[in-house]
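Step one of this worksheet: look at the structure below.
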2 protein chains.
Amino acid sequence: MNKTRKEIPVNTLERMVKYRRILDNYAADGKTIIYSHEMAKLAGNTPSQMRRDLMSCGCAGSTRAGYNVQEMQTNIKSVLGYSETKQTILVGVGNLGKAILSYFSFRVPRVQVVAAFDVMPHRIDRVISGTRCHDIKEMETIIKEQSVTLGIITVPREEAQALADRLVAAGIVGILNFAPVTLDLPDHVYVENMDITMKIEKIAFYSGEK
Amino acid sequence: MNKTRKEIPVNTLERMVKYRRILDNYAADGKTIIYSHEMAKLAGNTPSQMRRDLMSCGCAGSTRAGYNVQEMQTNIKSVLGYSETKQTILVGVGNLGKAILSYFSFRVPRVQVVAAFDVMPHRIDRVISGTRCHDIKEMETIIKEQSVTLGIITVPREEAQALADRLVAAGIVGILNFAPVTLDLPDHVYVENMDITMKIEKIAFYSGEK
DNA sequence: CGTGTTCTGTGAAAAGTTTCACAAAATGGC
DNA sequence: GCCATTTTGTGAAACTTTTCACAGAACACG
Ligand SMILES: NC(=O)c1ccc[n+]([C@@H]2O[C@H](COP(=O)([O-])OP(=O)(O)OC[C@H]3O[C@@H](n4cnc5c(N)ncnc54)[C@H](O)[C@@H]3O)[C@@H](O)[C@H]2O)c1
Ligand SMILES: NC(=O)c1ccc[n+]([C@@H]2O[C@H](COP(=O)([O-])OP(=O)(O)OC[C@H]3O[C@@H](n4cnc5c(N)ncnc54)[C@H](O)[C@@H]3O)[C@@H](O)[C@H]2O)c1
């Protein structure tokens, strides 16, 4: 889209989200400047990588005086696109869906979960952490009415692909998928999978080595 | 540790977990061979990458006849270390903790969640999806008695670092952390973070571009 | 039995990411 | 005002991962 976007390495972008969080906490303590090595400590990486990443988002520090916290916050939020909030829905208000609703309601400023959906009558019309769960039949209507562009999938594995197709047909262009399947979707849809199994098996593999 | 391990690229290892899942489903349909392009379709990547990955785990296909499913399953499980199960605990039986307990109880064969812990009296001594929640005071004892090596952290952000220190002191060497903080721990402990915020912001960033 | 087709295996190139190492800038102490 | 010290910014090297492209193996079919 804009020029800056294209140039930011994917890995840097991922870390940027972490940096935002770190700076928000850091600023809350009244601190106004920070050195690359201090920030690296907080982020669990190296000063060198910090400086590179900061360059990518247009943050300039000054020698000896480090980086200005507020300027960094502004730059990072601008790079991440904080001027625009994205309307989001969550489908599948089971164990995981409920947990995520409770989390998002107060944690992710840039992404707004406007509605949730389920098939089970006993879930429908309940409000979980501020988000109403609707009948899945109303999904397409609400997506259109509220200009929803992102979807979070927390339905059982077997239902995920069919649901994803429906989301895409309704205009969704970004999906966070918690079901353990590879979704097969058109190229214009951006998908990320949250694979808890993968992470825990990775830990099982690498832990106890060093 | 052993020779094979060192040589497997990290990204390949991550995908291996996915391949195991795919093959389990594929084999359940009675299929016994698969081509790299078929498997790539199921995994959402390229035939070329599939073949590379398969090489890393010692799977040899044969020209024209593709790969033997059973052999691949055996090899992948052996690479991932399925001969040995790891004892695991989960700390913080809140919304997310409960969701994860219900998931792990039947999904991840190689990792066994043997106990959960919480501070709140009303959580303690309840059994969630087959796993008992104990008083956090008993944690160190149970870790030792059951030879627990991995820990899953689902406590509030503020509690995470102190808890992680306690886990490490008790002998835990691998941690899956859901709290949105960078844990500062000794080098011998392998940590992975599950960052939902990061994923959703990444989607917000990249979606609607292509 | 030979020919065309469809696969795998893999060197080598390309692309992406991290780390190194050091010049240049800024600061504080003297 | 000058020197020692600390910190940034960045080319270039090192490393990692993905993709390309094609030789060679295996099979089907005539
Ligand atoms: N629980 C976890 O920690 C965890 C972790 C990783 C992945 N997952 C995956 O997340 C998904 C949900 O897990 P869960 O534990 O919350 O399961 P769950 O059974 O508690 O919840 C699933 C919910 O989806 C609803 N649902 C089913 N079909 C639907 C449809 N077509 N449209 C709308 N809603 C529908 C159900 O009514 C239910 O409320 C599963 O795919 C699971 O594999 C869960
Ligand atoms: N809910 C989500 O989808 C989600 C997503 C990403 C990250 N997280 C993170 O996961 C963590 C848990 O989230 P949640 O929504 O389940 O919160 P929650 O408040 O529902 O659960 C936290 C649980 O931890 C327990 N606890 C607190 N201090 C403890 C201690 N010292 N020892 C043992 N137990 C303790 C509490 O009693 C409670 O049961 C938080 O750090 C949150 O930021 C949650």
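Starting from 1 in every chain, residues are counted up; chains themselves are A, B, ... following the order of the structure tokens, and ligands are numbered from 1 as listed.
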
- Query: Got a sec to pull out which chain C residues are within 9 Å of chain B, counting only C-alpha atoms (C1' of nucleotides), and send them as a list in words?
  - Reply: DT6, DC7, DT8, DG9 and DT10 of chain C

Go through chain A residue by residue and, counting only C-alpha atoms and all ligand atoms, keep those with an atom at most 7 Å from ligand 1; for each kept residue give the shortest atom pair and its distance in Å to one decimal, ordered by chain and increasing number, as CSV.
```
residue,atom,partner,partner_atom_place_in_ligand_line,distance
A:Val91,CA,ligand 1,33 (C),5.4
A:Gly92,CA,ligand 1,24 (O),3.4
A:Val93,CA,ligand 1,39 (O),4.5
A:Gly94,CA,ligand 1,21 (O),3.2
A:Asn95,CA,ligand 1,16 (O),3.8
A:Leu96,CA,ligand 1,16 (O),3.7
A:Gly97,CA,ligand 1,16 (O),5.4
A:Phe117,CA,ligand 1,33 (C),5.8
A:Asp118,CA,ligand 1,34 (N),3.6
A:Val119,CA,ligand 1,34 (N),4.7
A:Met120,CA,ligand 1,37 (O),4.7
A:Arg123,CA,ligand 1,39 (O),7.0
A:Ile136,CA,ligand 1,33 (C),5.7
A:Thr154,CA,ligand 1,11 (C),4.2
A:Val155,CA,ligand 1,24 (O),3.8
A:Pro156,CA,ligand 1,41 (O),3.5
A:Arg157,CA,ligand 1,41 (O),4.1
A:Glu159,CA,ligand 1,31 (N),5.3
A:Leu163,CA,ligand 1,31 (N),6.1
A:Phe178,CA,ligand 1,10 (O),4.7
A:Ala179,CA,ligand 1,41 (O),3.5
A:Pro180,CA,ligand 1,43 (O),5.5
A:Asp195,CA,ligand 1,6 (C),6.3
A:Ile196,CA,ligand 1,6 (C),5.3
```

Output of the above residues as a short mmCIF file (atom, residue, chain, number, x, y, z; two decimals), in the first residue's frame, restricted to N, CA, C and O atoms:
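See selection_17.cif below for the written result:
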```cif
data_model
loop_
_atom_site.label_atom_id
_atom_site.label_comp_id
_atom_site.auth_asym_id
_atom_site.auth_seq_id
_atom_site.Cartn_x
_atom_site.Cartn_y
_atom_site.Cartn_z
N VAL A 91 -16.01 -16.38 15.51
CA VAL A 91 -17.03 -17.42 15.31
C VAL A 91 -16.66 -18.69 16.07
O VAL A 91 -15.57 -19.23 15.89
N GLY A 92 -17.59 -19.14 16.92
CA GLY A 92 -17.37 -20.33 17.74
C GLY A 92 -17.11 -19.94 19.18
O GLY A 92 -15.97 -19.83 19.61
N VAL A 93 -18.20 -19.72 19.94
CA VAL A 93 -18.05 -19.22 21.29
C VAL A 93 -17.99 -20.38 22.29
O VAL A 93 -18.81 -20.51 23.19
N GLY A 94 -17.01 -21.26 22.09
CA GLY A 94 -16.79 -22.38 23.02
C GLY A 94 -15.76 -21.98 24.07
O GLY A 94 -15.63 -20.80 24.41
N ASN A 95 -15.04 -22.94 24.57
CA ASN A 95 -14.03 -22.68 25.60
C ASN A 95 -13.04 -21.61 25.16
O ASN A 95 -12.82 -20.61 25.83
N LEU A 96 -12.46 -21.86 24.01
CA LEU A 96 -11.42 -20.96 23.52
C LEU A 96 -12.00 -19.62 23.09
O LEU A 96 -11.47 -18.56 23.43
N GLY A 97 -13.09 -19.66 22.38
CA GLY A 97 -13.73 -18.44 21.90
C GLY A 97 -14.04 -17.49 23.05
O GLY A 97 -13.77 -16.29 22.97
N PHE A 117 -20.37 -15.22 17.01
CA PHE A 117 -21.43 -16.07 16.45
C PHE A 117 -21.26 -17.52 16.89
O PHE A 117 -20.14 -17.98 17.11
N ASP A 118 -22.39 -18.22 16.99
CA ASP A 118 -22.36 -19.64 17.30
C ASP A 118 -23.62 -20.28 16.73
O ASP A 118 -24.56 -19.59 16.33
N VAL A 119 -23.61 -21.60 16.68
CA VAL A 119 -24.81 -22.33 16.22
C VAL A 119 -25.69 -22.78 17.37
O VAL A 119 -26.89 -22.98 17.20
N MET A 120 -25.09 -22.98 18.56
CA MET A 120 -25.84 -23.54 19.67
C MET A 120 -26.78 -22.51 20.28
O MET A 120 -26.34 -21.43 20.70
N ARG A 123 -25.90 -20.58 23.44
CA ARG A 123 -24.85 -19.55 23.38
C ARG A 123 -25.41 -18.21 22.91
O ARG A 123 -24.91 -17.14 23.25
N ILE A 136 -25.53 -17.66 14.08
CA ILE A 136 -24.66 -17.69 12.91
C ILE A 136 -25.39 -17.27 11.63
O ILE A 136 -24.78 -16.76 10.68
N THR A 154 -12.83 -20.01 15.84
CA THR A 154 -12.63 -20.91 16.99
C THR A 154 -13.75 -21.95 17.03
O THR A 154 -14.30 -22.25 18.08
N VAL A 155 -14.06 -22.49 15.86
CA VAL A 155 -15.02 -23.58 15.78
C VAL A 155 -14.24 -24.91 15.69
O VAL A 155 -13.04 -24.90 15.47
N PRO A 156 -14.94 -26.04 15.86
CA PRO A 156 -14.23 -27.33 15.75
C PRO A 156 -13.60 -27.49 14.38
O PRO A 156 -14.07 -26.93 13.39
N ARG A 157 -12.56 -28.27 14.34
CA ARG A 157 -11.79 -28.52 13.14
C ARG A 157 -12.64 -28.81 11.90
O ARG A 157 -12.41 -28.23 10.83
N GLU A 159 -15.52 -27.97 11.05
CA GLU A 159 -16.36 -26.88 10.58
C GLU A 159 -15.55 -25.75 9.97
O GLU A 159 -16.09 -24.87 9.30
N LEU A 163 -16.72 -22.77 7.17
CA LEU A 163 -16.94 -21.46 7.77
C LEU A 163 -16.05 -20.41 7.11
O LEU A 163 -16.50 -19.31 6.78
N PHE A 178 -7.79 -20.75 14.63
CA PHE A 178 -7.32 -21.58 15.74
C PHE A 178 -7.54 -23.06 15.51
O PHE A 178 -7.04 -23.89 16.26
N ALA A 179 -8.32 -23.40 14.50
CA ALA A 179 -8.57 -24.82 14.25
C ALA A 179 -7.35 -25.47 13.61
O ALA A 179 -6.70 -24.85 12.78
N PRO A 180 -7.04 -26.69 14.00
CA PRO A 180 -5.84 -27.33 13.49
C PRO A 180 -6.01 -27.91 12.09
O PRO A 180 -5.91 -29.11 11.90
N ASP A 195 -1.10 -22.07 16.23
CA ASP A 195 -0.94 -23.50 16.40
C ASP A 195 -0.28 -23.83 17.75
O ASP A 195 0.93 -23.85 17.88
N ILE A 196 -1.12 -24.07 18.73
CA ILE A 196 -0.63 -24.33 20.08
C ILE A 196 0.14 -25.64 20.13
O ILE A 196 1.18 -25.74 20.76
#
```

(request) For chain D, report every residue with an atom at most 7 Å from chain B (counting only C-alpha atoms (C1' of nucleotides)), formatted as an MDAnalysis selection string. (result) chainID D and resid 25:27

For the residues in the current selection, export all heavy atoms as a PDB file, in the first residue's frame.
```pdb
ATOM      1  P    DA D  25      19.453 -42.907 -12.630  1.00  0.00           P
ATOM      2  OP1  DA D  25      20.611 -43.436 -11.869  1.00  0.00           O
ATOM      3  OP2  DA D  25      19.327 -43.155 -14.090  1.00  0.00           O
ATOM      4  O5'  DA D  25      18.119 -43.417 -11.924  1.00  0.00           O
ATOM      5  C5'  DA D  25      17.813 -43.012 -10.588  1.00  0.00           C
ATOM      6  C4'  DA D  25      16.329 -43.184 -10.402  1.00  0.00           C
ATOM      7  O4'  DA D  25      15.634 -42.203 -11.205  1.00  0.00           O
ATOM      8  C3'  DA D  25      15.803 -44.551 -10.828  1.00  0.00           C
ATOM      9  O3'  DA D  25      15.008 -45.048  -9.773  1.00  0.00           O
ATOM     10  C2'  DA D  25      14.991 -44.273 -12.096  1.00  0.00           C
ATOM     11  C1'  DA D  25      14.579 -42.820 -11.906  1.00  0.00           C
ATOM     12  N9   DA D  25      14.396 -42.020 -13.120  1.00  0.00           N
ATOM     13  C8   DA D  25      15.318 -41.788 -14.106  1.00  0.00           C
ATOM     14  N7   DA D  25      14.879 -40.984 -15.057  1.00  0.00           N
ATOM     15  C5   DA D  25      13.580 -40.677 -14.662  1.00  0.00           C
ATOM     16  C6   DA D  25      12.585 -39.866 -15.246  1.00  0.00           C
ATOM     17  N6   DA D  25      12.733 -39.191 -16.377  1.00  0.00           N
ATOM     18  N1   DA D  25      11.403 -39.772 -14.597  1.00  0.00           N
ATOM     19  C2   DA D  25      11.237 -40.441 -13.452  1.00  0.00           C
ATOM     20  N3   DA D  25      12.111 -41.227 -12.802  1.00  0.00           N
ATOM     21  C4   DA D  25      13.268 -41.300 -13.473  1.00  0.00           C
ATOM     22  P    DA D  26      14.459 -46.517  -9.832  1.00  0.00           P
ATOM     23  OP1  DA D  26      14.382 -46.949  -8.419  1.00  0.00           O
ATOM     24  OP2  DA D  26      15.207 -47.306 -10.837  1.00  0.00           O
ATOM     25  O5'  DA D  26      12.988 -46.314 -10.385  1.00  0.00           O
ATOM     26  C5'  DA D  26      11.975 -45.775  -9.527  1.00  0.00           C
ATOM     27  C4'  DA D  26      10.723 -45.642 -10.345  1.00  0.00           C
ATOM     28  O4'  DA D  26      10.996 -44.810 -11.496  1.00  0.00           O
ATOM     29  C3'  DA D  26      10.195 -46.967 -10.909  1.00  0.00           C
ATOM     30  O3'  DA D  26       8.844 -47.054 -10.489  1.00  0.00           O
ATOM     31  C2'  DA D  26      10.322 -46.831 -12.426  1.00  0.00           C
ATOM     32  C1'  DA D  26      10.289 -45.318 -12.594  1.00  0.00           C
ATOM     33  N9   DA D  26      10.951 -44.757 -13.761  1.00  0.00           N
ATOM     34  C8   DA D  26      12.215 -44.999 -14.214  1.00  0.00           C
ATOM     35  N7   DA D  26      12.546 -44.302 -15.291  1.00  0.00           N
ATOM     36  C5   DA D  26      11.414 -43.547 -15.561  1.00  0.00           C
ATOM     37  C6   DA D  26      11.123 -42.613 -16.574  1.00  0.00           C
ATOM     38  N6   DA D  26      11.969 -42.245 -17.526  1.00  0.00           N
ATOM     39  N1   DA D  26       9.897 -42.040 -16.545  1.00  0.00           N
ATOM     40  C2   DA D  26       9.030 -42.391 -15.588  1.00  0.00           C
ATOM     41  N3   DA D  26       9.199 -43.262 -14.584  1.00  0.00           N
ATOM     42  C4   DA D  26      10.419 -43.809 -14.628  1.00  0.00           C
ATOM     43  P    DC D  27       8.174 -48.479 -10.337  1.00  0.00           P
ATOM     44  OP1  DC D  27       7.655 -48.528  -8.966  1.00  0.00           O
ATOM     45  OP2  DC D  27       9.060 -49.555 -10.875  1.00  0.00           O
ATOM     46  O5'  DC D  27       6.930 -48.352 -11.329  1.00  0.00           O
ATOM     47  C5'  DC D  27       6.104 -47.218 -11.236  1.00  0.00           C
ATOM     48  C4'  DC D  27       5.682 -46.823 -12.614  1.00  0.00           C
ATOM     49  O4'  DC D  27       6.807 -46.465 -13.431  1.00  0.00           O
ATOM     50  C3'  DC D  27       4.982 -47.932 -13.407  1.00  0.00           C
ATOM     51  O3'  DC D  27       3.594 -47.687 -13.322  1.00  0.00           O
ATOM     52  C2'  DC D  27       5.567 -47.823 -14.822  1.00  0.00           C
ATOM     53  C1'  DC D  27       6.337 -46.505 -14.761  1.00  0.00           C
ATOM     54  N1   DC D  27       7.507 -46.354 -15.666  1.00  0.00           N
ATOM     55  C2   DC D  27       7.449 -45.375 -16.666  1.00  0.00           C
ATOM     56  O2   DC D  27       6.443 -44.676 -16.800  1.00  0.00           O
ATOM     57  N3   DC D  27       8.515 -45.212 -17.498  1.00  0.00           N
ATOM     58  C4   DC D  27       9.605 -45.973 -17.335  1.00  0.00           C
ATOM     59  N4   DC D  27      10.624 -45.757 -18.172  1.00  0.00           N
ATOM     60  C5   DC D  27       9.688 -46.969 -16.317  1.00  0.00           C
ATOM     61  C6   DC D  27       8.625 -47.128 -15.515  1.00  0.00           C
TER      62       DC D  27
END
```

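Using only C-alpha atoms (C1' of nucleotides), the residues found no farther than 9 Å from Ser147 of chain A, other than those of its own chain fewer than 6 positions away, are Lys86, Gln87, Thr88 and Gly171 of chain A.
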
Counting only C-alpha atoms, give me one row per residue of chain B with an atom at most 7 Å from an atom of chain A, showing the shortest contact pair and its distance in Å to one decimal, sorted by chain then residue number, as a tab-separated table.
```
residue	atom	partner	partner_atom	distance
B:Met1	CA	A:Glu209	CA	6.5
B:Glu14	CA	A:Met198	CA	6.2
B:Val17	CA	A:Met198	CA	5.7
B:Leu42	CA	A:Thr182	CA	6.6
B:Ala43	CA	A:Thr182	CA	6.0
B:Gly44	CA	A:Thr182	CA	6.4
B:Leu80	CA	A:Phe205	CA	6.4
B:Gly81	CA	A:Phe205	CA	6.9
B:Lys86	CA	A:Ala204	CA	6.8
B:Asn95	CA	A:Ala99	CA	4.8
B:Leu96	CA	A:Ala99	CA	5.1
B:Ala99	CA	A:Asn95	CA	4.8
B:Val108	CA	A:Thr197	CA	6.6
B:Val173	CA	A:Ser207	CA	5.8
B:Gly174	CA	A:Ser207	CA	5.1
B:Leu176	CA	A:Ile200	CA	6.6
B:Thr182	CA	A:Ala43	CA	6.0
B:His188	CA	A:Lys210	CA	5.2
B:Val189	CA	A:Ser207	CA	6.6
B:Tyr190	CA	A:Ser207	CA	5.1
B:Glu192	CA	A:Lys199	CA	6.8
B:Thr197	CA	A:Val108	CA	6.6
B:Met198	CA	A:Val17	CA	5.7
B:Lys199	CA	A:Glu192	CA	6.8
B:Ile200	CA	A:Leu176	CA	6.6
B:Lys202	CA	A:Glu14	CA	6.8
B:Ile203	CA	A:Gly174	CA	5.8
B:Ala204	CA	A:Lys86	CA	6.8
B:Phe205	CA	A:Leu80	CA	6.4
B:Tyr206	CA	A:Tyr190	CA	6.8
B:Ser207	CA	A:Gly174	CA	5.1
B:Gly208	CA	A:Val173	CA	5.9
B:Glu209	CA	A:Met1	CA	6.5
B:Lys210	CA	A:His188	CA	5.2
```

Using N, CA and C atoms, can you export the residues from the last selection as a compact mmCIF listing (two decimals), in the first residue's frame?
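Saved file out-v5.txt follows:
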```
# COMPACT_ATOMS: atom_id res chain seq x y z
N MET B 1 21.78 -32.77 20.77
CA MET B 1 21.75 -34.11 21.37
C MET B 1 22.20 -35.15 20.34
N GLU B 14 9.06 -26.82 12.68
CA GLU B 14 7.71 -26.31 12.94
C GLU B 14 6.70 -26.96 12.00
N VAL B 17 5.38 -30.73 12.61
CA VAL B 17 4.24 -30.97 13.48
C VAL B 17 2.95 -30.96 12.65
N LEU B 42 -2.17 -29.89 0.84
CA LEU B 42 -2.75 -30.05 2.18
C LEU B 42 -2.06 -29.18 3.23
N ALA B 43 -0.77 -28.91 3.00
CA ALA B 43 -0.02 -28.15 4.00
C ALA B 43 0.03 -26.67 3.67
N GLY B 44 -0.45 -26.32 2.46
CA GLY B 44 -0.43 -24.92 2.07
C GLY B 44 0.95 -24.39 1.74
N LEU B 80 10.55 -35.98 15.86
CA LEU B 80 9.93 -35.13 16.88
C LEU B 80 10.12 -35.69 18.29
N GLY B 81 10.58 -36.90 18.38
CA GLY B 81 10.86 -37.47 19.70
C GLY B 81 9.67 -38.16 20.35
N LYS B 86 6.63 -36.13 27.47
CA LYS B 86 7.10 -35.13 28.43
C LYS B 86 5.97 -34.79 29.40
N ASN B 95 -9.89 -18.41 32.24
CA ASN B 95 -10.57 -18.64 30.95
C ASN B 95 -9.70 -19.42 29.98
N LEU B 96 -8.50 -18.88 29.77
CA LEU B 96 -7.62 -19.49 28.78
C LEU B 96 -7.10 -20.84 29.26
N ALA B 99 -9.58 -23.55 28.71
CA ALA B 99 -9.70 -23.89 27.29
C ALA B 99 -8.56 -24.80 26.86
N VAL B 108 -2.70 -33.76 22.04
CA VAL B 108 -1.26 -33.77 21.88
C VAL B 108 -0.62 -34.99 22.55
N VAL B 173 12.37 -26.94 32.39
CA VAL B 173 13.34 -26.48 31.37
C VAL B 173 12.69 -25.97 30.08
N GLY B 174 11.37 -26.08 29.98
CA GLY B 174 10.68 -25.58 28.79
C GLY B 174 9.38 -24.90 29.18
N LEU B 176 5.85 -22.65 27.85
CA LEU B 176 4.98 -22.02 26.88
C LEU B 176 4.25 -20.90 27.60
N THR B 182 7.83 -10.42 28.13
CA THR B 182 9.05 -11.13 27.80
C THR B 182 9.63 -11.68 29.09
N HIS B 188 19.44 -21.90 29.86
CA HIS B 188 19.13 -23.32 29.67
C HIS B 188 17.63 -23.59 29.58
N VAL B 189 16.82 -22.56 29.84
CA VAL B 189 15.37 -22.75 29.75
C VAL B 189 14.88 -22.31 28.37
N TYR B 190 14.14 -23.19 27.72
CA TYR B 190 13.63 -22.87 26.39
C TYR B 190 12.22 -22.31 26.50
N GLU B 192 8.84 -20.39 24.64
CA GLU B 192 8.11 -19.92 23.47
C GLU B 192 6.94 -19.08 23.96
N THR B 197 -2.07 -11.28 20.25
CA THR B 197 -2.11 -9.89 19.82
C THR B 197 -1.24 -9.69 18.58
N MET B 198 -0.04 -10.27 18.64
CA MET B 198 0.86 -10.12 17.51
C MET B 198 0.24 -10.66 16.23
N LYS B 199 -0.35 -11.83 16.32
CA LYS B 199 -0.94 -12.45 15.14
C LYS B 199 -2.07 -11.60 14.57
N ILE B 200 -2.93 -11.13 15.45
CA ILE B 200 -4.08 -10.38 14.93
C ILE B 200 -3.63 -9.04 14.36
N LYS B 202 -0.80 -8.54 12.94
CA LYS B 202 -0.15 -8.88 11.68
C LYS B 202 -1.20 -9.03 10.58
N ILE B 203 -2.31 -9.65 10.94
CA ILE B 203 -3.40 -9.81 9.98
C ILE B 203 -3.98 -8.46 9.61
N ALA B 204 -4.18 -7.62 10.64
CA ALA B 204 -4.71 -6.28 10.37
C ALA B 204 -3.78 -5.54 9.41
N PHE B 205 -2.49 -5.76 9.56
CA PHE B 205 -1.51 -5.07 8.73
C PHE B 205 -1.51 -5.58 7.29
N TYR B 206 -1.42 -6.87 7.13
CA TYR B 206 -1.24 -7.43 5.80
C TYR B 206 -2.53 -7.66 5.02
N SER B 207 -3.66 -7.81 5.71
CA SER B 207 -4.88 -8.14 4.99
C SER B 207 -5.32 -6.95 4.15
N GLY B 208 -5.98 -7.24 3.05
CA GLY B 208 -6.48 -6.18 2.21
C GLY B 208 -5.41 -5.54 1.35
N GLU B 209 -4.26 -6.20 1.26
CA GLU B 209 -3.17 -5.64 0.45
C GLU B 209 -3.12 -6.26 -0.94
N LYS B 210 -3.20 -7.60 -0.93
CA LYS B 210 -3.01 -8.34 -2.19
C LYS B 210 -4.13 -8.10 -3.18
```

- Query: Using only C-alpha atoms (C1' of nucleotides), which residues sit within 10 Å of DC20 of chain D once same-chain residues fewer than 4 positions away are excluded, as number ranges by chain?
  - Reply: B: 48; C: 12-14

**Prompt:** Excluding same-chain residues fewer than 2 positions from segment 15-17 of chain C, what lies within 9 Å of it counting only C-alpha atoms (C1' of nucleotides), as number ranges by chain?
**Reply:** A: 9, 11; D: 15-19

Write to file, as a short mmCIF file (atom, residue, chain, number, x, y, z; two decimals), in the first residue's frame, the residues of the selection just made, with all heavy atoms.
```cif
data_model
loop_
_atom_site.label_atom_id
_atom_site.label_comp_id
_atom_site.auth_asym_id
_atom_site.auth_seq_id
_atom_site.Cartn_x
_atom_site.Cartn_y
_atom_site.Cartn_z
N PRO A 9 10.73 -5.69 7.01
CA PRO A 9 10.82 -7.15 7.03
C PRO A 9 9.73 -7.74 7.91
O PRO A 9 9.36 -7.15 8.94
CB PRO A 9 12.19 -7.39 7.66
CG PRO A 9 12.97 -6.14 7.44
CD PRO A 9 11.96 -5.04 7.46
N ASN A 11 9.68 -10.24 9.98
CA ASN A 11 10.06 -10.50 11.36
C ASN A 11 10.13 -9.23 12.19
O ASN A 11 9.77 -9.23 13.37
CB ASN A 11 11.41 -11.21 11.42
CG ASN A 11 11.35 -12.59 10.86
OD1 ASN A 11 10.36 -12.99 10.26
ND2 ASN A 11 12.41 -13.36 11.05
P DC D 15 28.96 -18.06 9.84
OP1 DC D 15 29.48 -18.53 11.15
OP2 DC D 15 29.53 -18.58 8.57
"O5'" DC D 15 27.39 -18.29 9.83
"C5'" DC D 15 26.58 -17.52 10.71
"C4'" DC D 15 25.16 -17.56 10.23
"O4'" DC D 15 25.00 -16.73 9.07
"C3'" DC D 15 24.67 -18.95 9.80
"O3'" DC D 15 23.68 -19.33 10.74
"C2'" DC D 15 24.15 -18.76 8.38
"C1'" DC D 15 23.90 -17.25 8.34
N1 DC D 15 23.87 -16.62 6.99
C2 DC D 15 22.75 -15.86 6.66
O2 DC D 15 21.84 -15.73 7.48
N3 DC D 15 22.69 -15.27 5.45
C4 DC D 15 23.69 -15.41 4.58
N4 DC D 15 23.58 -14.81 3.40
C5 DC D 15 24.85 -16.19 4.90
C6 DC D 15 24.90 -16.78 6.11
P DT D 16 22.97 -20.77 10.62
OP1 DT D 16 22.65 -21.25 11.97
OP2 DT D 16 23.70 -21.62 9.64
"O5'" DT D 16 21.59 -20.37 9.91
"C5'" DT D 16 20.76 -19.38 10.50
"C4'" DT D 16 19.56 -19.22 9.60
"O4'" DT D 16 19.95 -18.60 8.36
"C3'" DT D 16 18.90 -20.55 9.23
"O3'" DT D 16 17.56 -20.41 9.64
"C2'" DT D 16 19.11 -20.68 7.73
"C1'" DT D 16 19.25 -19.21 7.30
N1 DT D 16 20.05 -18.93 6.08
C2 DT D 16 19.46 -18.19 5.08
O2 DT D 16 18.31 -17.77 5.13
N3 DT D 16 20.27 -17.93 4.00
C4 DT D 16 21.57 -18.34 3.82
O4 DT D 16 22.17 -18.03 2.80
C5 DT D 16 22.12 -19.12 4.90
C7 DT D 16 23.53 -19.61 4.81
C6 DT D 16 21.36 -19.37 5.97
P DT D 17 16.48 -21.56 9.46
OP1 DT D 17 15.44 -21.36 10.48
OP2 DT D 17 17.17 -22.86 9.30
"O5'" DT D 17 15.87 -21.18 8.04
"C5'" DT D 17 15.08 -20.01 7.90
"C4'" DT D 17 14.64 -19.92 6.47
"O4'" DT D 17 15.78 -19.75 5.63
"C3'" DT D 17 13.92 -21.17 5.97
"O3'" DT D 17 12.58 -20.78 5.72
"C2'" DT D 17 14.71 -21.61 4.74
"C1'" DT D 17 15.50 -20.35 4.38
N1 DT D 17 16.81 -20.53 3.72
C2 DT D 17 17.05 -19.88 2.53
O2 DT D 17 16.23 -19.17 1.98
N3 DT D 17 18.30 -20.07 2.00
C4 DT D 17 19.32 -20.84 2.52
O4 DT D 17 20.39 -20.92 1.95
C5 DT D 17 19.00 -21.51 3.77
C7 DT D 17 20.04 -22.36 4.42
C6 DT D 17 17.78 -21.32 4.30
P DT D 18 11.54 -21.70 4.93
OP1 DT D 18 10.19 -21.28 5.32
OP2 DT D 18 11.96 -23.12 5.00
"O5'" DT D 18 11.81 -21.20 3.44
"C5'" DT D 18 11.52 -19.86 3.10
"C4'" DT D 18 11.75 -19.68 1.63
"O4'" DT D 18 13.12 -20.00 1.31
"C3'" DT D 18 10.88 -20.58 0.75
"O3'" DT D 18 10.18 -19.68 -0.10
"C2'" DT D 18 11.87 -21.49 0.02
"C1'" DT D 18 13.16 -20.67 0.06
N1 DT D 18 14.45 -21.40 0.08
C2 DT D 18 15.40 -21.11 -0.86
O2 DT D 18 15.22 -20.29 -1.75
N3 DT D 18 16.59 -21.79 -0.74
C4 DT D 18 16.90 -22.73 0.23
O4 DT D 18 18.00 -23.27 0.24
C5 DT D 18 15.86 -23.00 1.19
C7 DT D 18 16.10 -24.01 2.27
C6 DT D 18 14.70 -22.34 1.07
P DT D 19 9.13 -20.29 -1.18
OP1 DT D 19 8.10 -19.26 -1.40
OP2 DT D 19 8.77 -21.68 -0.82
"O5'" DT D 19 10.03 -20.36 -2.49
"C5'" DT D 19 10.57 -19.18 -3.03
"C4'" DT D 19 11.49 -19.55 -4.17
"O4'" DT D 19 12.57 -20.36 -3.69
"C3'" DT D 19 10.78 -20.37 -5.27
"O3'" DT D 19 10.87 -19.58 -6.45
"C2'" DT D 19 11.58 -21.68 -5.33
"C1'" DT D 19 12.92 -21.28 -4.70
N1 DT D 19 13.72 -22.35 -4.03
C2 DT D 19 15.02 -22.56 -4.43
O2 DT D 19 15.54 -21.95 -5.34
N3 DT D 19 15.69 -23.53 -3.73
C4 DT D 19 15.20 -24.28 -2.68
O4 DT D 19 15.91 -25.11 -2.13
C5 DT D 19 13.84 -24.01 -2.31
C7 DT D 19 13.22 -24.77 -1.19
C6 DT D 19 13.17 -23.07 -2.98
#
```
